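Undergrad: One structure, pasted below without further comment.
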Number of protein chains: 2
Amino acid sequence: MSVADPARPCGLRERKKARTRAAIRQHALRLFREQGYAETTVEQIAEAAEVSPSTFFRYFPTKEDVVLQDDFDPIAIAKFEALPTDMHPVAALRAAMRETFAEAPAWQLEQFRELNRLTMSVPELRARALDEYLRSVRLAAELLAKRLGRDPGDPAIRTMAGAVVGVGLSALVAGMEDPEADVFEIMDAGLARLEALPL
Amino acid sequence: MSVADPARPCGLRERKKARTRAAIRQHALRLFREQGYAETTVEQIAEAAEVSPSTFFRYFPTKEDVVLQDDFDPIAIAKFEALPTDMHPVAALRAAMRETFAEAPAWQLEQFRELNRLTMSVPELRARALDEYLRSVRLAAELLAKRLGRDPGDPAIRTMAGAVVGVGLSALVAGMEDPEADVFEIMDAGLARLEALPL
DNA sequence: CACCTTTTGATAGCTACTATCAAAAAGTTG
DNA sequence: CAACTTTTTGATAGTAGCTATCAAAAGGTG
């Protein structure tokens, strides 16, 4: 209902909300690191963040949501839409990703990596992450169809969209198997290979 | 520990176990169809199948597992391994899938479709299905590497494996968006396109 | 039939998550 | 600043998925 929707908070309330949210996530991630995801109860997180369990669920609908959030996807999609339409769609996707990551501050990239690591190691989280990932890239696939002026149901489009998702997943898996690996690099290299797929 | 592991049960016990398992699943699926997945409690399922809730969890580790089971994957993987190694790996995968589905009885294919429909419509189930799907096809990807005598970490292998997974996912999504669509056909067509990817 | 193993059900309990509602804090207006 | 409104919070109670335990019942064997 609120008409005002500024990028940064102005009132005391909104600032406090942001602080509370950050505190909950911060303490949750610390506890997960120290004693594991399943072994940490919501009650413990709430206590550490000095709020009630009720408040925890007011900020995060589920325990999983403390970990699962992709701040990058919407940005990358916006960049993808802004790129010239005469580029190869997969090349545009790669460029959008590269720009997005290049602009992000170092700490955010590092947190992204840690969240990925945690996500891929907890089955519960892994499952939900794949769902979210699929959903967001399916949206990108629709943009891809629009970009080419073709139907989203076109087999070539569908196959390419699936392959893009799959390459992303395989990169995440690779990053999990080898913690030293650069997930961004792997994903980019995989996408580069997909440019050879006929459209 | 049991040495005997026959294809079909012999003793009264194993037959009863199989019957109990089937009964639980059957009643569960019926209740899901009638009143929805989330609206059906394990207690109701147990009561309908005339067992205790304890027994339910003895047969299915989670409520989700009543729906999530892929009887096809292990069969298809075995067939894949049995096929001549000089075939194109993706072609071999396609052949293995085709054989597997061709051999299955009609009712099993129909049940497979219903389970897929249910799975893709319940977020909770969808997420876990993707996880299972990824795991099983990753195994196939390892076989693929072995077949080519190359490293599983090879970018080309990894990309192809990811693309295979992705095509499967996109086929499932397509089948969900259009219930009339033939998921097998879509997946096969997508895989056929992947044969053009350089290895 | 007596004996051993497997399967079952009852009980109790933990934890994620929801609903409700009154108290407290933040913001607003006379 | 005092009264009033709105938002945020915490306490309470409850539902449901899931686990552990253990004694009773059923299946199988000599």
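Following the order of the structure tokens, first chain is A, next is B, and so on, with residues numbered from 1 inside each chain and ligands from 1 in the order they appear.
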Dump as a list in words the residues of chain D that approach chain B to within 12 Å, counting only C-alpha atoms (C1' of nucleotides).

TA: DT15, DA16, DG17, DC18, DT19, DA20, DT21, DA26, DG27 and DG28 of chain D

Undergrad: Give one line per residue of chain C that approaches chain B to at most 10 Å, naming the two atoms of the closest pair and their distance in Å to one decimal, counting only C-alpha atoms (C1' of nucleotides); sort by chain then ascending residue number and deliver it as CSV.

TA:
residue,atom,partner,partner_atom,distance
C:DT6,C1',B:Arg13,CA,8.5
C:DT7,C1',B:Arg13,CA,8.8
C:DT8,C1',B:Thr55,CA,6.9
C:DG9,C1',B:Ser52,CA,6.2
C:DA10,C1',B:Ser52,CA,9.1

Undergrad: Which residues in range 33-149 of chain A does DSSP call helix (DSSP H, G or I)? List them as a ChimeraX atom specification.

TA: /A:33-35,42-48,53-59,64-66,72-82,89-103,106-121,123-148

Undergrad: Env of Ala23 in chain A: 12 Å cut, atoms = only C-alpha atoms (C1' of nucleotides), seq-sep filter 2 positions within chain, self excluded. Answer as a PDB file with C-alpha atoms, in the first residue's frame.

TA:
ATOM      1  CA  LYS A  16      15.663  -1.308  12.328  1.00  0.00           C
ATOM      2  CA  LYS A  17      13.954  -3.894  10.147  1.00  0.00           C
ATOM      3  CA  ALA A  18      16.960  -4.094   7.879  1.00  0.00           C
ATOM      4  CA  ARG A  19      19.243  -4.450  10.886  1.00  0.00           C
ATOM      5  CA  THR A  20      17.095  -7.180  12.400  1.00  0.00           C
ATOM      6  CA  ARG A  21      16.993  -9.061   9.116  1.00  0.00           C
ATOM      7  CA  ARG A  25      20.858 -14.072   8.750  1.00  0.00           C
ATOM      8  CA  GLN A  26      24.312 -13.374  10.132  1.00  0.00           C
ATOM      9  CA  HIS A  27      23.784 -15.369  13.321  1.00  0.00           C
ATOM     10  CA  ALA A  28      22.080 -18.148  11.394  1.00  0.00           C
ATOM     11  CA  LEU A  29      24.974 -18.529   8.970  1.00  0.00           C
ATOM     12  CA  ARG A  30      27.462 -18.506  11.827  1.00  0.00           C
ATOM     13  CA  ILE A  45      18.942 -18.651  15.795  1.00  0.00           C
ATOM     14  CA  ALA A  46      16.240 -16.487  17.308  1.00  0.00           C
ATOM     15  CA  GLU A  47      17.962 -16.510  20.660  1.00  0.00           C
ATOM     16  CA  ALA A  48      21.332 -15.629  19.148  1.00  0.00           C
ATOM     17  CA  ALA A  49      19.785 -12.749  17.217  1.00  0.00           C
ATOM     18  CA  GLU A  50      17.886 -11.707  20.348  1.00  0.00           C
ATOM     19  CA  VAL A  51      14.431 -11.972  18.851  1.00  0.00           C
ATOM     20  CA  PHE A  56      12.208 -15.117  12.874  1.00  0.00           C
ATOM     21  CA  TYR A  59      11.331 -12.199   8.420  1.00  0.00           C
ATOM     22  CA  VAL A  66      17.770 -17.704   5.404  1.00  0.00           C
TER      23      VAL A  66
END

Undergrad: Show me a table, sorted first by chain and then by increasing residue number, of the residues of chain A having an atom at most 9 Å from chain B, each with its shortest atom pair and the distance in Å to one decimal, counting only C-alpha atoms and written as a tab-separated table.

TA:
residue	atom	partner	partner_atom	distance
A:Pro123	CA	B:Asp131	CA	7.8
A:Glu124	CA	B:Arg128	CA	7.9
A:Arg126	CA	B:Asp131	CA	7.0
A:Ala127	CA	B:Ala127	CA	4.7
A:Arg128	CA	B:Ala127	CA	5.1
A:Ala129	CA	B:Ala127	CA	7.8
A:Leu130	CA	B:Ala127	CA	6.6
A:Asp131	CA	B:Ala127	CA	5.1
A:Glu132	CA	B:Ala127	CA	8.5
A:Leu134	CA	B:Leu169	CA	8.5
A:Arg138	CA	B:Ser170	CA	8.7
A:Gly153	CA	B:Ala174	CA	7.8
A:Pro155	CA	B:Gly190	CA	7.0
A:Ala156	CA	B:Gly190	CA	7.7
A:Arg158	CA	B:Ser170	CA	6.4
A:Thr159	CA	B:Gly190	CA	5.3
A:Met160	CA	B:Val167	CA	8.0
A:Ala161	CA	B:Ser170	CA	7.3
A:Gly162	CA	B:Gly166	CA	4.1
A:Ala163	CA	B:Ala163	CA	4.1
A:Val164	CA	B:Ala163	CA	7.0
A:Val165	CA	B:Gly166	CA	5.6
A:Gly166	CA	B:Gly166	CA	3.9
A:Val167	CA	B:Gly162	CA	4.6
A:Gly168	CA	B:Gly162	CA	7.5
A:Leu169	CA	B:Gly162	CA	6.5
A:Ser170	CA	B:Gly162	CA	5.0
A:Ala171	CA	B:Arg158	CA	8.0
A:Ala174	CA	B:Gly153	CA	7.8
A:Ile186	CA	B:Pro155	CA	7.8
A:Met187	CA	B:Thr159	CA	8.8
A:Ala189	CA	B:Pro155	CA	7.7
A:Gly190	CA	B:Thr159	CA	5.4
A:Leu191	CA	B:Thr159	CA	8.2
A:Arg193	CA	B:Thr159	CA	7.6
A:Leu194	CA	B:Leu197	CA	7.4
A:Ala196	CA	B:Leu197	CA	6.5
A:Leu197	CA	B:Leu197	CA	5.9
A:Pro198	CA	B:Ala196	CA	7.7

Undergrad: Ranking A:Gln69, A:Thr40, A:Thr85, A:Ser136 by minimum distance to Leu115 in chain A and counting only C-alpha atoms, which one comes first?

TA: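 Closest candidate: A:Gln69.
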
Undergrad: Contacts of Arg147 in chain B at 12 Å or less, counting only C-alpha atoms (C1' of nucleotides), minus same-chain residues fewer than 2 places along, as number ranges by chain?

TA: B: 80-90, 92-93, 140-145, 149-152, 157

Undergrad: Determine, counting only C-alpha atoms (C1' of nucleotides), which protein, DNA and RNA residues have an atom within 10 Å of an atom of DT28 in chain C; residues of the same chain fewer than 4 positions away are not included. Present the result as number ranges by chain.

TA: D: 4-6
